[in-house]
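For reference, the structure is listed below as structure tokens.
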Amino acid sequence: MSSSIHLFSVNPLLKPTNFSHSRYSIPQNRQFSAPSACLNVDVRAPDSDSSKPALSEKASRAIEIMEEEKRVLVGTYARAPVVLSSGNGCKLYDIEGREYLDLSSGIAVNALGHADPDWLRAVTLQANTLTHVSNIYYSVPQVELAKRLVASSFADRVFFTNSGTEANEAAIKFARKFQRSSHSNKEQPPVEFIAFSNCFHGRTMGALALTSKEHYRSPFEPVMPGVTFLEYGDIQAATKLIHTGKIAAVFVEPIQGEGGIYSATKEFLEALRTACDTAGALLVFDEVQCGLGRTGYLWAHEAYGIYPDMMTLAKPLAGGLPIGAVLACERIAGTVNFGDHGSTFAGSPLVCSAAIAVLDKISDPGFLASVSKKGQYFKELLVKKLGGNPHVKEVRGFGLIIGIELDVSASPLVDACRQSGLLVLTAGKGNVVRIVPPLIISQEELDTAARILLDCLPLLDESS
Ligand SMILES: Cc1ncc(COP(=O)(O)O)c(C=O)c1O
């Protein structure tokens, strides 16, 4: 018996007012186990009871895909048991035709939602013209995108990568190169780094070394040495360590996403800026998740009025195509020479054309103002609707990056929401519901999301 999967049956997006978790109805032809509390898909065969009607062709296909995935893909992902097949705006559809309201955005990627017409136009036009040339040659979209990023930020120059972890990897190298160039041959340049509790900077060996969760690092040690983790917000400890002169760069997320939606204080970022300036260390803001309009500011650090020496970007920049970027000041970029770093794919005409379409839309002041407004509305709504539940400890974040901290695991709630047609994520130590919707989401869709969350919340009493 080896294949059965957790599927579900109720989608209150279709019948929102009738939903109640206790009324989940599993159709007779689906004898599946209850949804797992974590996202580890436990694949077992449907009960082979010949008295039960056969699964529909599409349901069988979904099971087949999940079983095949298990056989042919390296098992790094604890996927939710849903096979998605299309999307439009904030809606996603699975291969059985069920509709989901997407407040996960492919982990904060699909800022313009799915199939945005301007994005689609840019991508199809460019794909019809020129997709990839490598960085041996010049191409127009790469330079145009870099010009826009420079014009809209503190930075003087841009280096493109294919992902967030690669952007951080590049920033690590640039920090080391800058420090080596700034110190005479006789001096030992500062080569160490500071990162903070609950931070996430990526999975490749350098970025992994900067990622606080030991569980991610320990199977792969030794990672890059010379990283000290300090408490996020601990001004004294950070200032003291930066002042030793050993630190090449401090990596910090102005708002921690994976870590549980924790926002830095202005005092903390200000203190890091001052200490780095005094000691000659670089300040790197990782805005892979919180940047590009998610907070209602184009760059999250604009909310604080504190500026970095380098900033890393990725997730939403190309609206779903793989991209990352390091934005750097001239004094750093000027120390990086031919051959110091590179990438075959990064900055391709296709990806950069997509990113231009995204950036042009997101950087519009009216668009950013709408993100702030919707974020404030949704946070207040969540506080009003969910705040009275004893399991809800805090609703935090700003703009459209919001965390609901629970006193129990968030997975049962996330699973129940998904079964009810709402996609949200977990974060932190698994006790935070992370909400990072497409930035184009409507107020009505936010109302629906809040209602589903509220309806599913009683489930926590059963699971705790
Ligand atoms: C703040 C932050 N930095 C870096 C990364 C790594 O990005 P990627 O998964 O594109 O490598 C992530 C991914 O979640 C992130 O949230």
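Note on naming: chains are A, B, ... as they come in the structure tokens, residues start from 1 per chain, ligands start from 1 in the order shown.
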
| Distance query stretch 186-190 of chain A at most 10 Å, only C-alpha atoms, self and fewer than 4 positions along chain excluded, as a list in words | Ala175, Arg176, Lys177, Phe178, Gln179, Arg180, Ser181, Ser182, Thr244, Gly245, Lys246, Ile247, Ala248, Ala249, Gly280 and Ala281 of chain A

| message | Taking 3 positions as the minimum chain separation for residues in the same chain, which residues sit within 10 Å of A:Gly87 when counting only C-alpha atoms? Answer as an NGL selection string. | response | :A and (84 or 90-94 or 99-102 or 113-116)

Determine, using only C-alpha atoms and all ligand atoms, which residues of chain A have any atom at most 8 Å from an atom of ligand 1, and tabulate each with its shortest atom pair and distance in Å to one decimal place, rows ordered by chain and then rising number, as CSV.
```
residue,atom,partner,partner_atom_place_in_ligand_line,distance
A:Ile107,CA,ligand 1,14 (O),7.1
A:Asn162,CA,ligand 1,10 (O),7.6
A:Ser163,CA,ligand 1,10 (O),3.9
A:Gly164,CA,ligand 1,7 (O),3.3
A:Thr165,CA,ligand 1,11 (O),3.6
A:Glu166,CA,ligand 1,11 (O),6.3
A:Ala167,CA,ligand 1,11 (O),7.9
A:Asn168,CA,ligand 1,4 (C),7.0
A:Cys199,CA,ligand 1,1 (C),7.3
A:Phe200,CA,ligand 1,2 (C),5.2
A:His201,CA,ligand 1,3 (N),3.8
A:Gly202,CA,ligand 1,6 (C),3.9
A:Arg203,CA,ligand 1,11 (O),6.5
A:Thr204,CA,ligand 1,11 (O),7.8
A:Ala207,CA,ligand 1,4 (C),7.8
A:Glu253,CA,ligand 1,1 (C),6.1
A:Gln256,CA,ligand 1,1 (C),6.5
A:Gly257,CA,ligand 1,16 (O),5.6
A:Glu258,CA,ligand 1,16 (O),5.7
A:Asp286,CA,ligand 1,1 (C),5.5
A:Glu287,CA,ligand 1,1 (C),5.9
A:Val288,CA,ligand 1,2 (C),4.7
A:Gln289,CA,ligand 1,16 (O),4.6
A:Cys290,CA,ligand 1,1 (C),7.1
A:Thr312,CA,ligand 1,3 (N),7.8
A:Leu313,CA,ligand 1,3 (N),7.9
A:Ala314,CA,ligand 1,10 (O),6.0
A:Lys315,CA,ligand 1,10 (O),5.9
A:Pro322,CA,ligand 1,10 (O),7.7
A:Ile323,CA,ligand 1,10 (O),7.8
A:Gly324,CA,ligand 1,10 (O),7.1
```

Can I get the selected residues back with N, CA and C atoms, as a PDB file, in the first residue's frame?
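Wrote it out as again-v1.pdb, contents follow:
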```pdb
ATOM      1  N   ILE A 107       6.260  32.169  -2.318  1.00  0.00           N
ATOM      2  CA  ILE A 107       7.172  32.698  -1.276  1.00  0.00           C
ATOM      3  C   ILE A 107       7.630  34.119  -1.639  1.00  0.00           C
ATOM      4  N   ASN A 162      21.192  34.855 -10.131  1.00  0.00           N
ATOM      5  CA  ASN A 162      19.982  34.099 -10.494  1.00  0.00           C
ATOM      6  C   ASN A 162      19.065  33.812  -9.315  1.00  0.00           C
ATOM      7  N   SER A 163      19.473  34.191  -8.117  1.00  0.00           N
ATOM      8  CA  SER A 163      18.684  33.855  -6.922  1.00  0.00           C
ATOM      9  C   SER A 163      19.149  34.723  -5.760  1.00  0.00           C
ATOM     10  N   GLY A 164      18.419  34.605  -4.649  1.00  0.00           N
ATOM     11  CA  GLY A 164      18.772  35.374  -3.455  1.00  0.00           C
ATOM     12  C   GLY A 164      20.067  34.892  -2.821  1.00  0.00           C
ATOM     13  N   THR A 165      20.216  33.586  -2.759  1.00  0.00           N
ATOM     14  CA  THR A 165      21.428  33.069  -2.117  1.00  0.00           C
ATOM     15  C   THR A 165      22.658  33.482  -2.916  1.00  0.00           C
ATOM     16  N   GLU A 166      22.540  33.471  -4.231  1.00  0.00           N
ATOM     17  CA  GLU A 166      23.673  33.890  -5.068  1.00  0.00           C
ATOM     18  C   GLU A 166      23.966  35.377  -4.899  1.00  0.00           C
ATOM     19  N   ALA A 167      22.925  36.163  -4.680  1.00  0.00           N
ATOM     20  CA  ALA A 167      23.148  37.594  -4.453  1.00  0.00           C
ATOM     21  C   ALA A 167      23.949  37.783  -3.163  1.00  0.00           C
ATOM     22  N   ASN A 168      23.592  37.028  -2.126  1.00  0.00           N
ATOM     23  CA  ASN A 168      24.336  37.140  -0.869  1.00  0.00           C
ATOM     24  C   ASN A 168      25.755  36.599  -1.023  1.00  0.00           C
ATOM     25  N   CYS A 199      17.812  34.933  11.335  1.00  0.00           N
ATOM     26  CA  CYS A 199      18.021  35.423   9.964  1.00  0.00           C
ATOM     27  C   CYS A 199      18.026  34.268   8.971  1.00  0.00           C
ATOM     28  N   PHE A 200      17.759  34.590   7.728  1.00  0.00           N
ATOM     29  CA  PHE A 200      17.875  33.623   6.633  1.00  0.00           C
ATOM     30  C   PHE A 200      18.505  34.346   5.456  1.00  0.00           C
ATOM     31  N   HIS A 201      19.644  33.811   4.981  1.00  0.00           N
ATOM     32  CA  HIS A 201      20.304  34.462   3.846  1.00  0.00           C
ATOM     33  C   HIS A 201      20.516  33.516   2.668  1.00  0.00           C
ATOM     34  N   GLY A 202      20.178  32.231   2.819  1.00  0.00           N
ATOM     35  CA  GLY A 202      20.270  31.339   1.667  1.00  0.00           C
ATOM     36  C   GLY A 202      20.908  30.014   1.996  1.00  0.00           C
ATOM     37  N   ARG A 203      21.055  29.184   0.957  1.00  0.00           N
ATOM     38  CA  ARG A 203      21.430  27.775   1.141  1.00  0.00           C
ATOM     39  C   ARG A 203      22.788  27.415   0.556  1.00  0.00           C
ATOM     40  N   THR A 204      23.417  28.315  -0.201  1.00  0.00           N
ATOM     41  CA  THR A 204      24.751  27.987  -0.724  1.00  0.00           C
ATOM     42  C   THR A 204      25.769  28.244   0.385  1.00  0.00           C
ATOM     43  N   ALA A 207      26.303  31.881   1.963  1.00  0.00           N
ATOM     44  CA  ALA A 207      25.035  32.402   2.512  1.00  0.00           C
ATOM     45  C   ALA A 207      24.521  31.496   3.627  1.00  0.00           C
ATOM     46  N   GLU A 253      18.591  41.653   7.694  1.00  0.00           N
ATOM     47  CA  GLU A 253      17.307  41.880   7.006  1.00  0.00           C
ATOM     48  C   GLU A 253      16.562  42.969   7.775  1.00  0.00           C
ATOM     49  N   GLN A 256      12.731  40.481   8.951  1.00  0.00           N
ATOM     50  CA  GLN A 256      13.038  39.065   8.755  1.00  0.00           C
ATOM     51  C   GLN A 256      11.786  38.333   8.280  1.00  0.00           C
ATOM     52  N   GLY A 257      11.915  37.632   7.156  1.00  0.00           N
ATOM     53  CA  GLY A 257      10.770  36.906   6.599  1.00  0.00           C
ATOM     54  C   GLY A 257      10.697  35.487   7.133  1.00  0.00           C
ATOM     55  N   GLU A 258      11.631  34.636   6.677  1.00  0.00           N
ATOM     56  CA  GLU A 258      11.641  33.232   7.104  1.00  0.00           C
ATOM     57  C   GLU A 258      11.695  33.124   8.630  1.00  0.00           C
ATOM     58  N   ASP A 286      19.850  42.650   3.443  1.00  0.00           N
ATOM     59  CA  ASP A 286      19.258  41.591   2.634  1.00  0.00           C
ATOM     60  C   ASP A 286      17.769  41.908   2.497  1.00  0.00           C
ATOM     61  N   GLU A 287      17.412  42.405   1.317  1.00  0.00           N
ATOM     62  CA  GLU A 287      16.000  42.717   1.044  1.00  0.00           C
ATOM     63  C   GLU A 287      15.420  41.744   0.016  1.00  0.00           C
ATOM     64  N   VAL A 288      15.971  40.527   0.032  1.00  0.00           N
ATOM     65  CA  VAL A 288      15.491  39.504  -0.898  1.00  0.00           C
ATOM     66  C   VAL A 288      13.989  39.275  -0.727  1.00  0.00           C
ATOM     67  N   GLN A 289      13.532  39.265   0.519  1.00  0.00           N
ATOM     68  CA  GLN A 289      12.105  39.017   0.779  1.00  0.00           C
ATOM     69  C   GLN A 289      11.320  40.299   1.061  1.00  0.00           C
ATOM     70  N   CYS A 290      11.937  41.238   1.784  1.00  0.00           N
ATOM     71  CA  CYS A 290      11.156  42.406   2.228  1.00  0.00           C
ATOM     72  C   CYS A 290      11.252  43.593   1.269  1.00  0.00           C
ATOM     73  N   THR A 312      20.964  43.256  -1.157  1.00  0.00           N
ATOM     74  CA  THR A 312      20.701  42.107  -2.023  1.00  0.00           C
ATOM     75  C   THR A 312      19.201  41.982  -2.267  1.00  0.00           C
ATOM     76  N   LEU A 313      18.885  41.638  -3.506  1.00  0.00           N
ATOM     77  CA  LEU A 313      17.480  41.511  -3.949  1.00  0.00           C
ATOM     78  C   LEU A 313      17.306  40.188  -4.673  1.00  0.00           C
ATOM     79  N   ALA A 314      16.090  39.757  -4.804  1.00  0.00           N
ATOM     80  CA  ALA A 314      15.818  38.577  -5.646  1.00  0.00           C
ATOM     81  C   ALA A 314      14.310  38.439  -5.836  1.00  0.00           C
ATOM     82  N   LYS A 315      13.722  37.570  -5.061  1.00  0.00           N
ATOM     83  CA  LYS A 315      12.363  37.034  -5.227  1.00  0.00           C
ATOM     84  C   LYS A 315      11.445  37.726  -6.253  1.00  0.00           C
ATOM     85  N   PRO A 322      13.790  33.537 -12.548  1.00  0.00           N
ATOM     86  CA  PRO A 322      14.884  33.539 -11.565  1.00  0.00           C
ATOM     87  C   PRO A 322      15.839  34.713 -11.753  1.00  0.00           C
ATOM     88  N   ILE A 323      15.988  35.478 -10.688  1.00  0.00           N
ATOM     89  CA  ILE A 323      16.892  36.632 -10.735  1.00  0.00           C
ATOM     90  C   ILE A 323      17.347  36.956  -9.319  1.00  0.00           C
ATOM     91  N   GLY A 324      18.493  37.557  -9.212  1.00  0.00           N
ATOM     92  CA  GLY A 324      18.962  38.133  -7.956  1.00  0.00           C
ATOM     93  C   GLY A 324      19.818  39.334  -8.327  1.00  0.00           C
TER      94      GLY A 324
END
```

| request: Measure the distance from atom CA of A:Gly291 to atom CA of A:Ile261 in Å and round it to one decimal. | output: 13.2 Å

Kindly assemble as a Markdown table a list of the stretch 280-302 of chain A residues that lie within 10 Å of stretch 380-404 of chain A, each paired with its nearest atom pair and their distance in Å to one decimal, using only C-alpha atoms, sorted first by chain and then by ascending residue number.
```
| residue | atom | partner | partner_atom | distance |
| --- | --- | --- | --- | --- |
| A:Gln289 | CA | A:Ile401 | CA | 9.0 |
| A:Cys290 | CA | A:Ile401 | CA | 7.4 |
| A:Gly293 | CA | A:Gly399 | CA | 8.3 |
| A:Arg294 | CA | A:Leu400 | CA | 5.5 |
| A:Thr295 | CA | A:Gly399 | CA | 4.0 |
| A:Gly296 | CA | A:Gly399 | CA | 5.1 |
| A:Tyr297 | CA | A:Gly399 | CA | 8.2 |
| A:Ala300 | CA | A:Gly399 | CA | 9.6 |
```

Go ahead and write the selection's residues with N, CA and C atoms as a JSON list (two decimals), in the first residue's frame.
```json
[["chain", "number", "residue", "atom", "x", "y", "z"],
["A", 289, "GLN", "N", 13.53, 39.26, 0.52],
["A", 289, "GLN", "CA", 12.10, 39.02, 0.78],
["A", 289, "GLN", "C", 11.32, 40.30, 1.06],
["A", 290, "CYS", "N", 11.94, 41.24, 1.78],
["A", 290, "CYS", "CA", 11.16, 42.41, 2.23],
["A", 290, "CYS", "C", 11.25, 43.59, 1.27],
["A", 293, "GLY", "N", 8.86, 46.89, -2.72],
["A", 293, "GLY", "CA", 7.46, 47.30, -2.56],
["A", 293, "GLY", "C", 6.67, 46.55, -1.52],
["A", 294, "ARG", "N", 7.21, 45.47, -1.00],
["A", 294, "ARG", "CA", 6.40, 44.64, -0.08],
["A", 294, "ARG", "C", 5.97, 45.41, 1.17],
["A", 295, "THR", "N", 6.81, 46.35, 1.60],
["A", 295, "THR", "CA", 6.47, 47.10, 2.82],
["A", 295, "THR", "C", 5.65, 48.35, 2.53],
["A", 296, "GLY", "N", 5.43, 48.61, 1.25],
["A", 296, "GLY", "CA", 4.79, 49.88, 0.88],
["A", 296, "GLY", "C", 5.84, 50.93, 0.54],
["A", 297, "TYR", "N", 7.09, 50.60, 0.80],
["A", 297, "TYR", "CA", 8.22, 51.41, 0.34],
["A", 297, "TYR", "C", 8.92, 50.59, -0.74],
["A", 300, "ALA", "N", 12.71, 48.37, 1.75],
["A", 300, "ALA", "CA", 12.24, 48.34, 3.15],
["A", 300, "ALA", "C", 13.02, 49.35, 4.00]]
```

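With only C-alpha atoms as the basis for measurement, A:Ile95 is the residue among A:Val371, A:Val133, A:Leu73, A:Ile95 that approaches A:Glu57 most closely.
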
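Shortest separation to A:Pro308 among A:Gly206, A:Ser411, A:Ser348, A:Ala155 occurs at residue A:Ala155, atoms counted being only C-alpha atoms.
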
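Going from atom CA of A:Ile362 over to atom CA of A:Asn88, you cover 18.1 Å.
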
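Coordinates place atom CA of A:Thr426 at a distance of 21.5 Å from atom CA of A:Met66.
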
| Nearest to A:Leu317 among A:Lys373, A:Leu112, A:Phe196, A:Leu425, with distances taken over only C-alpha atoms: which residue is it? | A:Leu112

| field | Who sits within 12 Å of A:Met224, only C-alpha atoms, same chain under 3 positions skipped, as a PyMOL selection string | value | chain A and resi 169+172-173+191-193+204-211+217-218+220-221+227-228

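DSSP secondary structure from the backbone places Met310, Met311, Thr312, Leu313, Gly324, Ala325, Val326, Leu327, Ala328, Val392, Lys393, Glu394, Val395, Arg396, Gly397, Phe398, Ile401, Ile402, Gly403, Ile404, Glu405 and Leu406 of chain A of stretch 303-412 of chain A in strand (DSSP E).
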
Would you save the residues of that selection, restricted to C-alpha atoms, as a short mmCIF file (atom, residue, chain, number, x, y, z; two decimals), in the first residue's frame?
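Written out: part09.cif:
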```cif
data_model
loop_
_atom_site.label_atom_id
_atom_site.label_comp_id
_atom_site.auth_asym_id
_atom_site.auth_seq_id
_atom_site.Cartn_x
_atom_site.Cartn_y
_atom_site.Cartn_z
CA MET A 310 25.16 46.97 -0.36
CA MET A 311 21.67 45.53 -0.73
CA THR A 312 20.70 42.11 -2.02
CA LEU A 313 17.48 41.51 -3.95
CA GLY A 324 18.96 38.13 -7.96
CA ALA A 325 20.93 41.34 -7.67
CA VAL A 326 23.54 43.04 -5.53
CA LEU A 327 23.25 46.81 -5.44
CA ALA A 328 26.48 48.44 -4.31
CA VAL A 392 -3.03 34.34 18.66
CA LYS A 393 -0.11 36.00 20.42
CA GLU A 394 0.66 38.79 17.96
CA VAL A 395 -0.13 40.12 14.51
CA ARG A 396 2.96 41.94 13.22
CA GLY A 397 4.74 43.29 10.15
CA PHE A 398 3.89 46.16 7.87
CA ILE A 401 4.40 41.17 4.88
CA ILE A 402 2.43 40.10 7.91
CA GLY A 403 2.99 37.43 10.54
CA ILE A 404 0.43 35.93 12.91
CA GLU A 405 2.30 34.42 15.83
CA LEU A 406 0.53 31.54 17.55
#
```

| task | Find the spatial neighbours of stretch 444-453 of chain A, counting only C-alpha atoms, within a cut-off of 8 Å - ignore same-chain residues fewer than 3 positions away - and output them as a ChimeraX atom specification. | result | /A:12-13,16,101,378,381-382,385,413,417,420,422,441,456-457
